[in-house]
Amino acid sequence: MDWTTIISTTVKAAIGVETVWYALAAIGINIHFGYTGLLNFGQSAFLAVAGYGLAVTVTVIGLPFWIGIVVGLAAAVLLALLLGIPTLRLRADYLAIVTIAAAEIVRLIFRSVAFKDVFGGSDGRRGFSDGFYALNPYPDGTYGFGWFTFNERVLWVLTIGWILVGLSCAVVYLLMKSPWGRVLKAIREDEDAVRSLGKNVFSYKMQSLILGGVIGSLGGFIYGLAYASVQPDIFGTETTFFAYTIVILGGAARVFGPVVGSMIFWVLLVLVNGVLSGAVQSGFITFMDITQVGPFRFLLVGLGLILLLVYRPQGIFGDKREIAIDAR
Amino acid sequence: MRRAVIAFTAFLGGLILLLAAPAHAADPEQSLRGTLKLQGQPVNGVKIVVTTESGQPVQEVTSNAQGAWEVPIAEPGPYKVTLDVGTLPKDVEVRGGTNVRSLTVYEGNPATALFALQAKSADGAPPGDDGASSAFWQRAAQLTFEGFNLGLIIALAALGLSLIYGTTGLTNFAHGELVTLGALIAYGFNTGIGLHLIPAAALAVIVAGGLGYSQDRFFWGQLRRRGTGIIAMMIISIGVALFLRYLFLIVFGGESDSFVQYNAQPGMQIGPISAAPKNLVAMGIELTVLVVVGIALLRTRTGKAARAVADNPALAASSGINVDRVIRIIWTMGGAIAGLAGIMLGLSQNLKFTMGQDLLLLIFAGVTLGGLGTAFGALIGSIIVGLFVQVSTLWIPPELKNVGALAVLIIVLLFRPQGILGRRERIG
Amino acid sequence: MHAETTKEQKTAALAAFKDLAREPGVPKPDPILVVDNVVRRFGGLTAVEVEHVEVQRGSITALIGPNGAGKTTFFNQLTGFDTADSGQWTFNGRNMNGVPAHKVARSGMVRTFQLTKALSKLTVLENMRLGAQAQKGETFWRALVPSLWRGQEDEITERAEELLTRFKLDAKRDDFAGSLSGGQRKLLEMARALMVRPELVMLDEPMAGVNPALTQSLLGHVKDLREQGMTVLFVEHDMDMVRDISDWVIVMAQGNVIAEGPPDTIMSDSRVIDAYLGAHHDAPLSEDELEQQLHEAEEELVAENEEEAKK
Ligand SMILES: Nc1ncnc2c1ncn2[C@@H]1O[C@H](COP(=O)(O)OP(=O)(O)O)[C@@H](O)[C@H]1O
Ligand SMILES: [Mg+2]
């Protein structure tokens with residue numbers, strides 16, 4: 001077994017592209033679910049509309065990169081409004097079902113043959129990231145030290161990605177310390193009580209949905225730019241579920257919970273993958289073949305999610321006295 | 001409510017009698033196909049060439065003894081189908097002149113290329129053709145029938161989901177996996193041990209029920225005892241769904257497959273509807289099970305207790321109902337009928353590790369339309385969803401049919417946030 | 001700080017009620033709340049059907065009635081938490097039907113809930129601060145700049161602390177509200193409602209589930225509200241309490257207002273006895289027996305509430 005490769009890929013995963021875009025998606029979910037108590041299971045749709053907004057603006061319409069970003073952000077806000085108006089008055093369980101349904105609708109439309117000219121069907125869109133890499137200040141080459149080496153393109157994506165993660169965390173920190181954040185947390189506890197104190201609950205929920213959606217949509221940009229493509233099935237419900245796992249792993253309603261959660265999630269996933277593939281290839285494990293390693297990791301994700309909620313619902317950093325998922 | 005329930009049960013019962021004959025099967029993966037007939041007689045040995053829109057060859061086939069031909073299509077998209085006129089019997093020609101058809105193939109759906117044949121000697125004037133409108137109604141009838149079939153399958157799954165929600169407050173995102181589970185267990189008995197599908201299915205339903213029981217006994221029941229909140233349980237069910245889904249993928253693989261028996265049954269024509277006998281039998285079974293469960297809910301002690309618990313668990317408990325026992329029975333039954341739904345789904349489509357997951361949102365749509373937690377609401381909602389999904393393909397591309405159903409779900413909740421039959425919550 | 005020292009409001013209220021007829025729907029000299037024909041049905045059940053009722057400004061009015069009489073539902077209609085099927089009501093002369101709950105609260109009509117809604121994962125102080133109105137830091141963009149709302153937040157905190165001291169919760173200010181006892185939560189909920197600076201305070205069973213040691217202090221606080229110029233409308237089951245603090249009593253049964261009158265005579269009204277004991281109870285009851293029955297009902301309720309709280 002090639003331990004050097006396993007360990008180096010694992011260590012790199014801690015700050016890699018996946019970690020970044022999942023962290024952004026999870027920060028959004030943390031605002032919705034962790035602070036406001038909104039069970040938005042349609043987060044992947046925010047990433048999708050942003051990624052596609054960018055891709056379609058650049059490749060189909062032929063406008064510059066930064067207009068694509070604006071379009072993507074606008075699409076995320078619009079989606080939040082469209083999703084929020086019918087759903088924010090619903091009970092938590094209905095909200096979960098309806099948001100998941102809405103995200104499926106978005107995905108099915110993106111992958112449909114009927115709109116293939118615009119969204120590119122199940123292949124998605126590619127070739128819209130040149131504008132982004134044109135801004136890359138790093139000259140060609142390899143950067144880093146030890147196992148942390150990246151080429152200039154990845155380094156550029158990671159730089160922007162981590163800046164966005166940092167900014168998002170700062171915004172969440174400021175907001176959740178403020179009276180605005182207090183209203184959100186109160187809504188999570190009991191929205192009727194908040195209403196009886198003269199707060200427009202619907203408006204706050206909508207603001208929360210928009211903010212979390214927009215931050216999540218940054219994850220969609222990062223994915224699209226890092227891989228220079230978007231495909232509909234990347235933005236399926238499982239993406240949302242993994243992001244929920246990340247939020248709970250790191251600790252719901254904690255500013256850095258989603259970031260640390262994402263790092264741990266991807267480190268574990270890459271590590272398990274490396275170790276199991278290695279073990280299968282070198283014959284230590286015979287009950288699985290190499291194609292089963294991938295699914296097996298995700299089976300472990302499911303198991304991990306169950307165990308977390310049963311034994312440590314507050315996650316790594318959470319405070320058991322202050323979490324939305326009360327295990328009463 | 002009671003009246004509505006009785007009426008509904010009677011309605012279902014009546015359908016069983018009416019349908020003591022026909023049904024159909026949607027073929028699994030996408031394909032292009034057609035049947036060549038001349039005055040009702042099959043025409044075989046005719047060459048059909050399928051190319052992409054731009055002319056890249058895909059495959060050539062010849063029609064078989066039944067006049068049928070089929071080309072599997074890997075990538076959905078637009079295709080061209082050409083009938084080689086040279087291979088037609090001498091005195092036969094394609095009606096309307098052109099021997100090329102352009103069609104769009106949608107994911108998971110067969111597309112049919114129609115070539116009407118006529119005798120060459122016949123003088124040019126085509127017989128009075130009211131084709132367009134009658135073809136529409138024929139399709140509408142066919143789709144209604146298919147929608148009903150789908151609706152019944154959804155209803156089977158939805159019943160358990162709804163009762164479990166009503167009694168335990170759990171919105172079970174792993175219910176789709178229980179559907180897959182039933183199908184895969186039957187598949188295991190069927191292909192692994194070599195049992196005929198009928199005993200295999202019966203065994204699988206029993207096993208699925210047993211697994212439902214153990215799930216409650218050893219997992220959900222324990223969590224309830226710990227006082228786990230409903231939101232935590234909902235997210236745990238997502239964990240369970242992921243776990244099972246990938247377990248299926250590991251065990252069953254990513255390919256789709258079918259049961260050994262009944263997989264390629266030729267359809268028969270019943271009025272405007274074409275249906276394979278297996279579908280008719282499947283619908284009969286589904287209806288019977290739904291009626292039996294409906295009657296059980298209305299008439300038996302346990303059934304009444306189940307409805308009472310779903311209505312108001314605290315009140316039911318204080319009136320001496322053993323809530324835990326009722327919940328366990330519901331889980332057992334729910335698991336069994338979800339498994340049955342999976343087998344029925346596997347019969348009309350192919351088996352795949354995602355088959356239940358793909359159905360889950362439609363199940364939710366059915367349950368939500370009816371109002372979470374109401375058993376009969378779930379039935380009505382499911383059948384509406386099934387019909388809507390299929391019939392909507394008259395106007396929208398089949399690949400977007402689920403979009404329509406989900407959009408309707410959202411719109412209904414916009415006007416009735418508690419579902420069609422659900423109740424408002426209390427405040428204060 | 002008890003009402004014995006400053007009794008002007010009480011005297012004024014009693015004077016206002018002195019010559020009123022004891023009829024349901026009787027007009028009051030200076031009503032703050034006027035309700036007309038409010039109807040709410042749940043399927044076949046008519047939970048509320050109030051023809052006309054007025055609440056006198058500056059008074060403490062009790063709303064009593066057997067369980068299921070529709071008191072909570074009536075509160076829900078008035079405060080915008082539920083939509084009435086029909087009806088009109090005015091608060092301070094302003095039409096309030098169809099106004100959403102948060103706007104009702106902002107206009108000065110604040111309610112509490114029968115099952116206490118303390119925000120258990122917020123601290124006691126945060127609960128209090130939430131009640132303050134027109135907070136700059138509650139708008140999204142300003143929230144991002146602490147210097148814009150710090151000053152106001154300090155004022156709010158000061159006011160919250162005063163109220164907490166008055167309600168003897170100051171020692172708990174940094175505890176999670178969830179850790180308070182049932183009675184303390186009721187206190188907190190009332191104090192939090194006062195942060196809104198209401199004109200009319202509507203309390204739904206403020207004493208239910210509160211241990212006897214705390215009831216006296218709760219009573220004192222309710223009387224205080226009147227002395228500070230607020231109007232109180234409250235739902236209560238304990239007749240001792242009703243007699244002790246209310247200036248006027250409105251009785252509901254089966255959704256209707258069936259009687260009104262001063263607290264010391266209302267319980268001998270035959271309509272009220274019928275409502276509580278059922279019309280077929282024809283033997284006239286002595287006041288003591290009646291009291292006994294009411295106490296039993298009340299104990300049941302307390303037990304129920306405690307169970308609810310334990311969940
Ligand atoms: N959301 C609701 N759905 C159906 N019935 C309700 C609802 N809320 C209250 N009710 C019914 O309305 C009646 C009045 O209830 P409520 O206002 O809670 O009475 P009270 O507060 O006087 O005890 C009761 O019969 C109750 O069962
Ligand atoms: Mg009440």
# chains A, B, ... in the order shown; residues from 1 in each chain; ligands from 1
>>> residues_near_ligand(ligand="ligand 1", cutoff="12 Å", atoms="only C-alpha atoms and all ligand atoms", output="count of residues only")
59
>>> residues_around(residues="Tyr106 of chain B", least_positions_apart="3", cutoff="6 Å", atoms="only C-alpha atoms", output="PyMOL selection string")
chain B and resi 76+109+399
>>> write_last_selection(atoms="N, CA, C and O atoms", output="CSV table (one decimal), in the first residue's frame")
chain,number,residue,atom,x,y,z
B,76,PRO,N,-30.3,9.7,-24.3
B,76,PRO,CA,-31.5,10.4,-24.7
B,76,PRO,C,-31.2,11.5,-25.7
B,76,PRO,O,-30.1,12.1,-25.6
B,109,ASN,N,-37.7,6.3,-21.2
B,109,ASN,CA,-38.9,6.0,-21.9
B,109,ASN,C,-38.7,5.5,-23.3
B,109,ASN,O,-37.8,6.0,-24.0
B,399,GLU,N,-39.9,13.2,-19.7
B,399,GLU,CA,-38.8,13.4,-18.8
B,399,GLU,C,-39.1,14.4,-17.7
B,399,GLU,O,-38.5,14.5,-16.7
>>> select_by_dssp(residues="segment 109-206 of chain C", states="helix (DSSP H, G or I)", output="number ranges by chain")
C: 124-130, 136-138, 140-143, 146-166, 170-172, 177-179, 182-195
>>> interface_residues(of="chain C", to="chain A", cutoff="9 Å", atoms="only C-alpha atoms", output="PyMOL selection string")
chain C and resi 79+81+100-107+110-113+117-122+126-127+129-133+135-140+142-146+149+153+176+178+192-193+195-196+311
>>> write_last_selection(atoms="C-alpha atoms", output="short mmCIF file (atom, residue, chain, number, x, y, z; two decimals), in the first residue's frame")
data_model
loop_
_atom_site.label_atom_id
_atom_site.label_comp_id
_atom_site.auth_asym_id
_atom_site.auth_seq_id
_atom_site.Cartn_x
_atom_site.Cartn_y
_atom_site.Cartn_z
CA THR C 79 -54.43 38.89 18.27
CA PHE C 81 -52.86 34.30 15.34
CA PRO C 100 -51.30 39.96 11.13
CA ALA C 101 -50.15 38.97 14.60
CA HIS C 102 -46.92 40.95 14.62
CA LYS C 103 -48.72 44.15 13.68
CA VAL C 104 -51.30 43.58 16.37
CA ALA C 105 -48.48 43.33 18.89
CA ARG C 106 -46.82 46.45 17.54
CA SER C 107 -50.03 48.41 17.87
CA VAL C 110 -49.75 41.90 23.43
CA ARG C 111 -50.72 38.42 24.48
CA THR C 112 -49.15 35.53 26.34
CA PHE C 113 -49.87 31.86 25.78
CA LYS C 117 -43.60 29.92 25.17
CA ALA C 118 -40.33 30.75 26.83
CA LEU C 119 -37.59 30.57 24.21
CA SER C 120 -35.74 27.90 26.09
CA LYS C 121 -32.43 27.97 24.22
CA LEU C 122 -32.04 31.70 24.64
CA GLU C 126 -32.01 37.58 25.50
CA ASN C 127 -35.66 36.63 25.91
CA ARG C 129 -34.32 41.98 24.86
CA LEU C 130 -36.28 40.33 22.09
CA GLY C 131 -39.41 42.04 23.35
CA ALA C 132 -38.15 45.57 22.68
CA GLN C 133 -39.61 47.24 19.61
CA GLN C 135 -34.58 47.84 17.31
CA LYS C 136 -32.01 49.18 14.88
CA GLY C 137 -29.98 46.00 15.11
CA GLU C 138 -32.92 43.95 13.91
CA THR C 139 -32.55 45.12 10.33
CA PHE C 140 -30.18 43.06 8.25
CA ARG C 142 -27.47 47.60 10.29
CA ALA C 143 -26.97 44.35 12.19
CA LEU C 144 -23.63 43.98 10.41
CA VAL C 145 -22.30 47.17 12.00
CA PRO C 146 -22.39 46.78 15.79
CA TRP C 149 -27.04 49.34 17.48
CA GLU C 153 -28.97 47.66 22.92
CA PHE C 176 -31.09 29.53 29.58
CA GLY C 178 -35.27 26.37 29.50
CA ARG C 192 -41.07 39.88 28.12
CA ALA C 193 -44.50 40.99 26.98
CA MET C 195 -40.80 44.89 27.02
CA VAL C 196 -43.09 45.56 24.05
CA LYS C 311 -42.84 16.66 27.93
#
>>> closest_residue(among="B:Val61, B:Ala336, B:Val412, B:Phe376", to="Ala157 of chain B", atoms="only C-alpha atoms")
B:Ala336
>>> select_by_dssp(residues="segment 62-247 of chain A", states="strand (DSSP E)", output="list of chain:residue names")
A:Arg125, A:Arg126, A:Thr142, A:Tyr143, A:Gly144, A:Phe145, A:Phe148, A:Thr149, A:Phe150, A:Asn151, A:Ser229, A:Val230
>>> write_last_selection(atoms="C-alpha atoms", output="compact mmCIF listing (two decimals), in the first residue's frame")
# COMPACT_ATOMS: atom_id res chain seq x y z
CA ARG A 125 -22.14 23.09 -19.58
CA ARG A 126 -18.43 23.65 -19.79
CA THR A 142 3.59 24.47 -8.74
CA TYR A 143 3.17 26.03 -5.36
CA GLY A 144 3.30 24.88 -1.77
CA PHE A 145 5.49 22.79 0.40
CA PHE A 148 0.61 20.69 0.03
CA THR A 149 1.41 21.36 -3.59
CA PHE A 150 -1.04 22.76 -6.10
CA ASN A 151 -0.77 24.07 -9.60
CA SER A 229 -18.04 22.60 -15.84
CA VAL A 230 -21.44 22.12 -14.26
>>> closest_residue(among="C:Phe91, C:Val99, C:Gly80, C:Leu169", to="chain B", atoms="only C-alpha atoms")
C:Gly80
>>> interface_residues(of="chain B", to="chain A", cutoff="8 Å", atoms="only C-alpha atoms", output="MDAnalysis selection string")
chainID B and resid 76:77 106 171 223 227:229 231:232 235:247 249:250 361 364 368 397 399:400 402:403 406:407 409:411 413:414 417:418
>>> atom_distance(atom1="atom CA of Gln142 of chain B", atom2="atom CA of Ile337 of chain B")
26.1 Å
>>> closest_residue(among="C:Ala160, C:Ala134, C:Ala208, C:Val232", to="ligand 2", atoms="only C-alpha atoms and all ligand atoms")
C:Ala208
>>> residues_around(residues="Ala243 of chain A", least_positions_apart="4", cutoff="10 Å", atoms="only C-alpha atoms", output="ChimeraX atom specification")
/A:21-30,41,43-44,237-239,247-249,258,261-262,265
>>> closest_residue(among="B:Ile73, B:Val391, B:Val207, B:Ala314", to="chain C", atoms="only C-alpha atoms")
B:Ala314
>>> closest_residue(among="C:Pro206, C:Met239, C:Val201, C:Pro262", to="ligand 2", atoms="only C-alpha atoms and all ligand atoms")
C:Pro206
>>> residues_around(residues="Asp36 of chain C", least_positions_apart="6", cutoff="7 Å", atoms="only C-alpha atoms", output="number ranges by chain")
C: 50-53, 87-89
>>> write_last_selection(atoms="N, CA, C and O atoms", output="short mmCIF file (atom, residue, chain, number, x, y, z; two decimals), in the first residue's frame")
data_model
loop_
_atom_site.label_atom_id
_atom_site.label_comp_id
_atom_site.auth_asym_id
_atom_site.auth_seq_id
_atom_site.Cartn_x
_atom_site.Cartn_y
_atom_site.Cartn_z
N VAL C 50 -68.98 35.38 19.33
CA VAL C 50 -69.15 36.48 20.28
C VAL C 50 -69.87 37.63 19.57
O VAL C 50 -69.37 38.17 18.59
N GLU C 51 -71.04 37.97 20.07
CA GLU C 51 -71.82 39.01 19.41
C GLU C 51 -71.23 40.39 19.64
O GLU C 51 -70.95 41.12 18.71
N HIS C 52 -71.09 40.73 20.91
CA HIS C 52 -70.55 42.04 21.21
C HIS C 52 -69.90 42.01 22.58
O HIS C 52 -70.48 41.48 23.52
N VAL C 53 -68.72 42.55 22.69
CA VAL C 53 -68.11 42.66 24.00
C VAL C 53 -67.14 43.84 23.99
O VAL C 53 -66.55 44.17 22.95
N GLY C 87 -66.44 38.76 11.43
CA GLY C 87 -66.42 39.60 12.62
C GLY C 87 -65.49 40.79 12.49
O GLY C 87 -64.68 40.87 11.57
N GLN C 88 -65.66 41.72 13.41
CA GLN C 88 -64.87 42.94 13.40
C GLN C 88 -64.49 43.29 14.82
O GLN C 88 -65.26 43.04 15.75
N TRP C 89 -63.35 43.85 15.00
CA TRP C 89 -63.03 44.38 16.31
C TRP C 89 -62.08 45.57 16.16
O TRP C 89 -61.32 45.64 15.19
#
>>> closest_residue(among="C:Met241, C:Val210, C:Ile273, C:Thr116", to="ligand 2", atoms="only C-alpha atoms and all ligand atoms")
C:Thr116
>>> atom_distance(atom1="atom CA of Gly108 of chain B", atom2="atom CA of Gln269 of chain B")
23.1 Å
>>> residues_around(residues="Phe145 of chain B", least_positions_apart="4", cutoff="10 Å", atoms="only C-alpha atoms", output="PDB file with N, CA and C atoms, in the first residue's frame")
ATOM      1  N   PRO B  22     -57.282  -6.264 -17.761  1.00  0.00           N
ATOM      2  CA  PRO B  22     -56.065  -5.727 -18.456  1.00  0.00           C
ATOM      3  C   PRO B  22     -54.977  -4.904 -17.723  1.00  0.00           C
ATOM      4  N   ALA B  23     -53.819  -4.702 -18.214  1.00  0.00           N
ATOM      5  CA  ALA B  23     -52.821  -3.674 -17.788  1.00  0.00           C
ATOM      6  C   ALA B  23     -51.588  -3.618 -18.677  1.00  0.00           C
ATOM      7  N   HIS B  24     -50.676  -2.765 -18.392  1.00  0.00           N
ATOM      8  CA  HIS B  24     -49.570  -2.570 -19.332  1.00  0.00           C
ATOM      9  C   HIS B  24     -48.216  -2.485 -18.620  1.00  0.00           C
ATOM     10  N   ARG B 139     -54.334   7.653 -26.616  1.00  0.00           N
ATOM     11  CA  ARG B 139     -53.184   7.861 -25.723  1.00  0.00           C
ATOM     12  C   ARG B 139     -53.650   8.265 -24.342  1.00  0.00           C
ATOM     13  N   ALA B 140     -54.657   9.132 -24.319  1.00  0.00           N
ATOM     14  CA  ALA B 140     -55.162   9.586 -23.032  1.00  0.00           C
ATOM     15  C   ALA B 140     -55.658   8.391 -22.222  1.00  0.00           C
ATOM     16  N   ALA B 141     -56.372   7.494 -22.884  1.00  0.00           N
ATOM     17  CA  ALA B 141     -56.881   6.316 -22.173  1.00  0.00           C
ATOM     18  C   ALA B 141     -55.728   5.464 -21.665  1.00  0.00           C
ATOM     19  N   ASN B 149     -52.108   2.644 -12.546  1.00  0.00           N
ATOM     20  CA  ASN B 149     -51.167   1.616 -12.126  1.00  0.00           C
ATOM     21  C   ASN B 149     -50.094   2.211 -11.213  1.00  0.00           C
ATOM     22  N   LEU B 150     -49.525   3.318 -11.663  1.00  0.00           N
ATOM     23  CA  LEU B 150     -48.484   3.976 -10.872  1.00  0.00           C
ATOM     24  C   LEU B 150     -49.059   4.489  -9.549  1.00  0.00           C
ATOM     25  N   GLY B 151     -50.243   5.065  -9.640  1.00  0.00           N
ATOM     26  CA  GLY B 151     -50.883   5.604  -8.442  1.00  0.00           C
ATOM     27  C   GLY B 151     -51.097   4.535  -7.388  1.00  0.00           C
ATOM     28  N   ILE B 273     -56.749   0.384 -24.754  1.00  0.00           N
ATOM     29  CA  ILE B 273     -55.573   0.248 -23.898  1.00  0.00           C
ATOM     30  C   ILE B 273     -54.794  -0.990 -24.263  1.00  0.00           C
ATOM     31  N   SER B 274     -53.449  -0.821 -24.305  1.00  0.00           N
ATOM     32  CA  SER B 274     -52.656  -2.017 -24.484  1.00  0.00           C
ATOM     33  C   SER B 274     -51.953  -2.322 -23.177  1.00  0.00           C
ATOM     34  N   ALA B 275     -52.044  -3.584 -22.753  1.00  0.00           N
ATOM     35  CA  ALA B 275     -51.526  -3.910 -21.442  1.00  0.00           C
ATOM     36  C   ALA B 275     -51.022  -5.335 -21.413  1.00  0.00           C
ATOM     37  N   GLY B 386     -50.264   9.683  -9.218  1.00  0.00           N
ATOM     38  CA  GLY B 386     -49.965   8.710 -10.264  1.00  0.00           C
ATOM     39  C   GLY B 386     -50.626   9.100 -11.580  1.00  0.00           C
ATOM     40  N   LEU B 387     -51.914   9.430 -11.497  1.00  0.00           N
ATOM     41  CA  LEU B 387     -52.643   9.816 -12.706  1.00  0.00           C
ATOM     42  C   LEU B 387     -52.032  11.067 -13.315  1.00  0.00           C
ATOM     43  N   GLN B 390     -48.671  10.505 -15.198  1.00  0.00           N
ATOM     44  CA  GLN B 390     -48.759   9.867 -16.508  1.00  0.00           C
ATOM     45  C   GLN B 390     -49.540  10.702 -17.513  1.00  0.00           C
ATOM     46  N   VAL B 391     -50.702  11.180 -17.087  1.00  0.00           N
ATOM     47  CA  VAL B 391     -51.554  11.883 -18.050  1.00  0.00           C
ATOM     48  C   VAL B 391     -50.909  13.189 -18.513  1.00  0.00           C
TER      49      VAL B 391
END
